[in-house]
Amino acid sequence: MTAFIVILSILLVLAFLLTRYAGIMITYREDVGVTVTYWFVRYTLGKSGRPKVKKEKKPKKKKKKTEEAPSGPSPRDREAEKRERREKRDAIMAVVREVKKILPGFFGKIHFRSAKLYCRIATGDAASTALATAGAKASASILFETIDNFAVLDGGSERNVAIEPDFLSDKSAFDIDVRLRVRVIFALFYGLKVLFAFIKQKIKSENKLK
């Protein structure tokens with residue numbers, strides 16, 4: 001009888017834990033980050049890092065005087081800087097891509113809690129800044145449309161959006177925070193589903209090689 005009570009207690013605790021909610025935070029400040037929280041546990045799934053551009057080694061100075069190379073960043077460095085600015089301007093779309101990766105797998109099971117999109121768009125050029133700001137606002141609409149289509153909207157859920165152009169600067173700034181939640185049992189089921197699909201694909205590819 002004692003063993004039965006112990007087993008039943010363990011099963012009840014497991015059932016309780018599996019039906020609790022885990023939080024999912026998708027953020028963008030310097031880069032995209034996805035963090036999962038469960039009570040006091042906090043785990044960052046990873047950040048999509050941009051490839052680093054290797055700087056060319058400068059040739060050693062010769063003892064003899066030669067003509068000095070023109071000062072300023074090299075064309076390669078300028079191109080890397082432009083690419084970084086473009087990626088920052090596309091920050092909301094980067095968040096949209098992460099949301100689209102997560103939501104379809106939990107259709108009708110994931111809950112939307114809040115979204116904060118504070119964006120200051122700057123490119124150094126008034127015309128391109130205006131266009132980039134319009135693009136950011138369009139991306140925000142896509143983000144919320146995706147959430148409306150796939151997620152359950154919790155009561156009291158918030159959407160704080162401020163996307164403004166900055167015509168005096170050449171660097172954009174972002175503070176994006178999208179918060180969702182899903183029951184642990186659904187997350188485990190989805191994880192197992194992805195794992196089995198991966199194993200099945202692996203076996204299939206190995207059979208083709210034989």
# chains A, B, ... in the order shown; residues from 1 in each chain; ligands from 1

$ residues_around --residues "region 183-196 of chain A" --least-positions-apart "2" --cutoff "12 Å" --atoms "only C-alpha atoms" --output "ChimeraX atom specification"
/A:14-24,36-39,102-111,180-181,198-203

$ write_last_selection --atoms "N, CA, C and O atoms" --output "CSV table (one decimal), in the first residue's frame"
chain,number,residue,atom,x,y,z
A,14,LEU,N,4.4,14.6,-11.4
A,14,LEU,CA,4.8,14.7,-12.8
A,14,LEU,C,3.6,15.3,-13.6
A,14,LEU,O,3.9,16.1,-14.5
A,15,ALA,N,2.4,14.9,-13.4
A,15,ALA,CA,1.3,15.4,-14.1
A,15,ALA,C,1.2,16.9,-13.8
A,15,ALA,O,0.9,17.7,-14.8
A,16,PHE,N,1.4,17.3,-12.6
A,16,PHE,CA,1.3,18.7,-12.2
A,16,PHE,C,2.4,19.5,-13.0
A,16,PHE,O,2.1,20.6,-13.6
A,17,LEU,N,3.6,19.0,-13.0
A,17,LEU,CA,4.8,19.7,-13.7
A,17,LEU,C,4.5,19.8,-15.2
A,17,LEU,O,4.9,20.8,-15.8
A,18,LEU,N,4.0,18.7,-15.8
A,18,LEU,CA,3.8,18.7,-17.2
A,18,LEU,C,2.7,19.6,-17.7
A,18,LEU,O,2.7,20.0,-18.8
A,19,THR,N,1.8,19.9,-16.8
A,19,THR,CA,0.7,20.8,-17.2
A,19,THR,C,0.9,22.3,-16.9
A,19,THR,O,0.1,23.1,-17.1
A,20,ARG,N,2.1,22.5,-16.3
A,20,ARG,CA,2.5,23.9,-16.0
A,20,ARG,C,3.0,24.6,-17.3
A,20,ARG,O,3.3,23.9,-18.3
A,21,TYR,N,3.0,25.9,-17.3
A,21,TYR,CA,3.5,26.6,-18.5
A,21,TYR,C,5.0,26.9,-18.5
A,21,TYR,O,5.5,27.3,-17.4
A,22,ALA,N,5.6,26.8,-19.6
A,22,ALA,CA,7.0,27.3,-19.8
A,22,ALA,C,6.9,28.6,-20.6
A,22,ALA,O,6.1,28.7,-21.6
A,23,GLY,N,7.7,29.5,-20.3
A,23,GLY,CA,7.7,30.8,-21.0
A,23,GLY,C,8.7,30.8,-22.1
A,23,GLY,O,9.8,30.2,-22.1
A,24,ILE,N,8.4,31.5,-23.2
A,24,ILE,CA,9.3,31.6,-24.4
A,24,ILE,C,9.5,33.1,-24.6
A,24,ILE,O,8.5,33.8,-24.9
A,36,VAL,N,14.0,30.1,-23.0
A,36,VAL,CA,12.9,29.4,-22.4
A,36,VAL,C,13.0,29.4,-20.9
A,36,VAL,O,14.1,29.3,-20.3
A,37,THR,N,11.9,29.7,-20.2
A,37,THR,CA,11.9,29.8,-18.8
A,37,THR,C,10.9,28.9,-18.2
A,37,THR,O,9.8,28.7,-18.8
A,38,TYR,N,11.2,28.2,-17.1
A,38,TYR,CA,10.3,27.3,-16.4
A,38,TYR,C,10.6,27.5,-14.9
A,38,TYR,O,11.6,27.0,-14.4
A,39,TRP,N,9.7,28.2,-14.2
A,39,TRP,CA,9.9,28.5,-12.8
A,39,TRP,C,11.2,29.3,-12.7
A,39,TRP,O,11.3,30.3,-13.2
A,102,ILE,N,8.5,28.9,-34.5
A,102,ILE,CA,7.9,28.3,-33.2
A,102,ILE,C,6.4,28.1,-33.3
A,102,ILE,O,5.9,27.0,-33.0
A,103,LEU,N,5.7,29.1,-33.7
A,103,LEU,CA,4.2,29.1,-33.6
A,103,LEU,C,3.5,28.0,-34.4
A,103,LEU,O,2.6,27.3,-33.8
A,104,PRO,N,3.8,27.7,-35.7
A,104,PRO,CA,3.1,26.7,-36.4
A,104,PRO,C,3.1,25.3,-35.7
A,104,PRO,O,2.1,24.5,-35.8
A,105,GLY,N,4.2,24.9,-35.0
A,105,GLY,CA,4.3,23.6,-34.3
A,105,GLY,C,3.3,23.5,-33.1
A,105,GLY,O,3.0,22.4,-32.7
A,106,PHE,N,2.9,24.7,-32.6
A,106,PHE,CA,2.0,24.7,-31.4
A,106,PHE,C,0.7,25.4,-31.8
A,106,PHE,O,0.2,26.1,-30.9
A,107,PHE,N,0.2,25.2,-33.0
A,107,PHE,CA,-1.0,25.9,-33.4
A,107,PHE,C,-2.1,25.6,-32.4
A,107,PHE,O,-2.5,24.5,-32.1
A,108,GLY,N,-2.7,26.8,-31.9
A,108,GLY,CA,-3.8,26.7,-30.9
A,108,GLY,C,-3.4,26.3,-29.5
A,108,GLY,O,-4.2,26.2,-28.6
A,109,LYS,N,-2.1,26.0,-29.3
A,109,LYS,CA,-1.6,25.6,-27.9
A,109,LYS,C,-0.7,26.6,-27.3
A,109,LYS,O,-0.5,26.6,-26.1
A,110,ILE,N,-0.1,27.5,-28.1
A,110,ILE,CA,0.8,28.4,-27.5
A,110,ILE,C,0.1,29.7,-27.2
A,110,ILE,O,-0.9,30.1,-28.0
A,111,HIS,N,0.4,30.4,-26.2
A,111,HIS,CA,-0.3,31.6,-25.7
A,111,HIS,C,0.5,32.8,-25.9
A,111,HIS,O,1.7,32.8,-25.5
A,180,LEU,N,5.8,34.6,-25.0
A,180,LEU,CA,4.8,33.5,-25.3
A,180,LEU,C,4.8,32.5,-24.1
A,180,LEU,O,5.8,32.5,-23.4
A,181,ARG,N,3.9,31.6,-24.1
A,181,ARG,CA,4.0,30.5,-23.1
A,181,ARG,C,3.2,29.3,-23.7
A,181,ARG,O,2.3,29.4,-24.4
A,198,PHE,N,13.6,13.7,-37.4
A,198,PHE,CA,15.0,13.7,-37.7
A,198,PHE,C,15.6,12.3,-37.8
A,198,PHE,O,16.4,12.1,-38.8
A,199,ILE,N,15.2,11.4,-36.9
A,199,ILE,CA,15.8,10.1,-36.9
A,199,ILE,C,15.3,9.3,-38.2
A,199,ILE,O,16.1,8.6,-38.9
A,200,LYS,N,14.0,9.5,-38.5
A,200,LYS,CA,13.4,8.9,-39.7
A,200,LYS,C,14.2,9.4,-41.0
A,200,LYS,O,14.5,8.6,-41.9
A,201,GLN,N,14.4,10.7,-41.1
A,201,GLN,CA,15.1,11.3,-42.2
A,201,GLN,C,16.6,10.8,-42.3
A,201,GLN,O,17.1,10.5,-43.3
A,202,LYS,N,17.2,10.6,-41.1
A,202,LYS,CA,18.6,10.1,-41.0
A,202,LYS,C,18.7,8.7,-41.5
A,202,LYS,O,19.5,8.3,-42.3
A,203,ILE,N,17.7,7.8,-41.1
A,203,ILE,CA,17.7,6.4,-41.5
A,203,ILE,C,17.4,6.3,-43.0
A,203,ILE,O,18.1,5.5,-43.8

$ residues_around --residues "Arg29 (chain A)" --least-positions-apart "6" --cutoff "7 Å" --atoms "only C-alpha atoms" --output "VMD selection string"
chain A and resid 174 to 176

$ closest_residue --among "A:Ala197, A:Thr2, A:Ala140, A:Phe167" --to "Ser128 (chain A)" --atoms "only C-alpha atoms"
A:Phe167

$ closest_residue --among "A:Thr123, A:Thr35, A:Asn207, A:Ser172" --to "Ala91 (chain A)" --atoms "only C-alpha atoms"
A:Ser172

$ closest_residue --among "A:Leu131, A:Ala122, A:Ile163, A:Val99" --to "Asp148 (chain A)" --atoms "only C-alpha atoms"
A:Val99

$ closest_residue --among "A:Ala94, A:Ile7, A:Val41, A:Met1" --to "Leu143 (chain A)" --atoms "only C-alpha atoms"
A:Ala94

$ closest_residue --among "A:Ala162, A:Val95, A:Leu45, A:Val6" --to "Ile26 (chain A)" --atoms "only C-alpha atoms"
A:Val95

$ closest_residue --among "A:Asp166, A:Ile142, A:Arg159, A:Ala134" --to "Arg120 (chain A)" --atoms "only C-alpha atoms"
A:Asp166

$ decode --residues "region 154-173 of chain A" --atoms "N, CA, C and O atoms" --output "PDB file, in the first residue's frame"
ATOM      1  N   ASP A 154      -3.866  35.655 -24.598  1.00  0.00           N
ATOM      2  CA  ASP A 154      -4.207  35.658 -23.176  1.00  0.00           C
ATOM      3  C   ASP A 154      -4.954  36.935 -22.805  1.00  0.00           C
ATOM      4  O   ASP A 154      -4.717  38.003 -23.397  1.00  0.00           O
ATOM      5  N   GLY A 155      -5.817  36.835 -21.814  1.00  0.00           N
ATOM      6  CA  GLY A 155      -6.490  38.024 -21.313  1.00  0.00           C
ATOM      7  C   GLY A 155      -5.478  38.975 -20.700  1.00  0.00           C
ATOM      8  O   GLY A 155      -4.608  38.558 -19.943  1.00  0.00           O
ATOM      9  N   GLY A 156      -5.568  40.240 -21.049  1.00  0.00           N
ATOM     10  CA  GLY A 156      -4.614  41.220 -20.530  1.00  0.00           C
ATOM     11  C   GLY A 156      -3.301  41.258 -21.277  1.00  0.00           C
ATOM     12  O   GLY A 156      -2.351  41.904 -20.827  1.00  0.00           O
ATOM     13  N   SER A 157      -3.221  40.553 -22.415  1.00  0.00           N
ATOM     14  CA  SER A 157      -1.989  40.593 -23.206  1.00  0.00           C
ATOM     15  C   SER A 157      -1.762  42.011 -23.737  1.00  0.00           C
ATOM     16  O   SER A 157      -2.709  42.732 -24.057  1.00  0.00           O
ATOM     17  N   GLU A 158      -0.493  42.392 -23.830  1.00  0.00           N
ATOM     18  CA  GLU A 158      -0.147  43.777 -24.193  1.00  0.00           C
ATOM     19  C   GLU A 158       0.680  43.841 -25.467  1.00  0.00           C
ATOM     20  O   GLU A 158       1.485  42.951 -25.740  1.00  0.00           O
ATOM     21  N   ARG A 159       0.482  44.939 -26.193  1.00  0.00           N
ATOM     22  CA  ARG A 159       1.292  45.220 -27.384  1.00  0.00           C
ATOM     23  C   ARG A 159       1.752  46.668 -27.301  1.00  0.00           C
ATOM     24  O   ARG A 159       0.951  47.586 -27.458  1.00  0.00           O
ATOM     25  N   ASN A 160       3.018  46.853 -27.039  1.00  0.00           N
ATOM     26  CA  ASN A 160       3.585  48.200 -26.954  1.00  0.00           C
ATOM     27  C   ASN A 160       4.523  48.406 -28.137  1.00  0.00           C
ATOM     28  O   ASN A 160       5.574  47.764 -28.215  1.00  0.00           O
ATOM     29  N   VAL A 161       4.126  49.285 -29.033  1.00  0.00           N
ATOM     30  CA  VAL A 161       4.889  49.486 -30.268  1.00  0.00           C
ATOM     31  C   VAL A 161       5.236  50.957 -30.432  1.00  0.00           C
ATOM     32  O   VAL A 161       4.371  51.826 -30.333  1.00  0.00           O
ATOM     33  N   ALA A 162       6.517  51.217 -30.661  1.00  0.00           N
ATOM     34  CA  ALA A 162       6.968  52.576 -30.961  1.00  0.00           C
ATOM     35  C   ALA A 162       8.093  52.468 -31.985  1.00  0.00           C
ATOM     36  O   ALA A 162       9.232  52.113 -31.653  1.00  0.00           O
ATOM     37  N   ILE A 163       7.750  52.715 -33.235  1.00  0.00           N
ATOM     38  CA  ILE A 163       8.724  52.651 -34.334  1.00  0.00           C
ATOM     39  C   ILE A 163       8.848  54.048 -34.925  1.00  0.00           C
ATOM     40  O   ILE A 163       7.913  54.551 -35.557  1.00  0.00           O
ATOM     41  N   GLU A 164       9.980  54.684 -34.699  1.00  0.00           N
ATOM     42  CA  GLU A 164      10.169  56.074 -35.087  1.00  0.00           C
ATOM     43  C   GLU A 164      11.443  56.246 -35.912  1.00  0.00           C
ATOM     44  O   GLU A 164      12.450  55.577 -35.672  1.00  0.00           O
ATOM     45  N   PRO A 165      11.410  57.174 -36.877  1.00  0.00           N
ATOM     46  CA  PRO A 165      12.636  57.460 -37.636  1.00  0.00           C
ATOM     47  C   PRO A 165      13.546  58.410 -36.861  1.00  0.00           C
ATOM     48  O   PRO A 165      13.082  59.228 -36.069  1.00  0.00           O
ATOM     49  N   ASP A 166      14.841  58.278 -37.088  1.00  0.00           N
ATOM     50  CA  ASP A 166      15.829  59.185 -36.500  1.00  0.00           C
ATOM     51  C   ASP A 166      16.677  59.723 -37.662  1.00  0.00           C
ATOM     52  O   ASP A 166      17.561  59.043 -38.165  1.00  0.00           O
ATOM     53  N   PHE A 167      16.360  60.948 -38.056  1.00  0.00           N
ATOM     54  CA  PHE A 167      17.028  61.521 -39.225  1.00  0.00           C
ATOM     55  C   PHE A 167      18.381  62.135 -38.904  1.00  0.00           C
ATOM     56  O   PHE A 167      19.099  62.566 -39.809  1.00  0.00           O
ATOM     57  N   LEU A 168      18.733  62.179 -37.635  1.00  0.00           N
ATOM     58  CA  LEU A 168      19.989  62.822 -37.233  1.00  0.00           C
ATOM     59  C   LEU A 168      21.103  61.828 -36.956  1.00  0.00           C
ATOM     60  O   LEU A 168      22.246  62.231 -36.722  1.00  0.00           O
ATOM     61  N   SER A 169      20.785  60.533 -36.976  1.00  0.00           N
ATOM     62  CA  SER A 169      21.789  59.522 -36.677  1.00  0.00           C
ATOM     63  C   SER A 169      21.966  58.579 -37.857  1.00  0.00           C
ATOM     64  O   SER A 169      21.198  58.627 -38.820  1.00  0.00           O
ATOM     65  N   ASP A 170      22.988  57.734 -37.791  1.00  0.00           N
ATOM     66  CA  ASP A 170      23.187  56.735 -38.834  1.00  0.00           C
ATOM     67  C   ASP A 170      23.180  55.315 -38.259  1.00  0.00           C
ATOM     68  O   ASP A 170      23.520  54.356 -38.940  1.00  0.00           O
ATOM     69  N   LYS A 171      22.789  55.195 -36.983  1.00  0.00           N
ATOM     70  CA  LYS A 171      22.737  53.881 -36.339  1.00  0.00           C
ATOM     71  C   LYS A 171      21.353  53.638 -35.746  1.00  0.00           C
ATOM     72  O   LYS A 171      20.872  54.430 -34.945  1.00  0.00           O
ATOM     73  N   SER A 172      20.754  52.500 -36.135  1.00  0.00           N
ATOM     74  CA  SER A 172      19.444  52.132 -35.605  1.00  0.00           C
ATOM     75  C   SER A 172      19.593  51.502 -34.221  1.00  0.00           C
ATOM     76  O   SER A 172      20.646  50.966 -33.885  1.00  0.00           O
ATOM     77  N   ALA A 173      18.550  51.589 -33.423  1.00  0.00           N
ATOM     78  CA  ALA A 173      18.546  50.994 -32.089  1.00  0.00           C
ATOM     79  C   ALA A 173      17.235  50.254 -31.893  1.00  0.00           C
ATOM     80  O   ALA A 173      16.170  50.744 -32.283  1.00  0.00           O
TER      81      ALA A 173
END
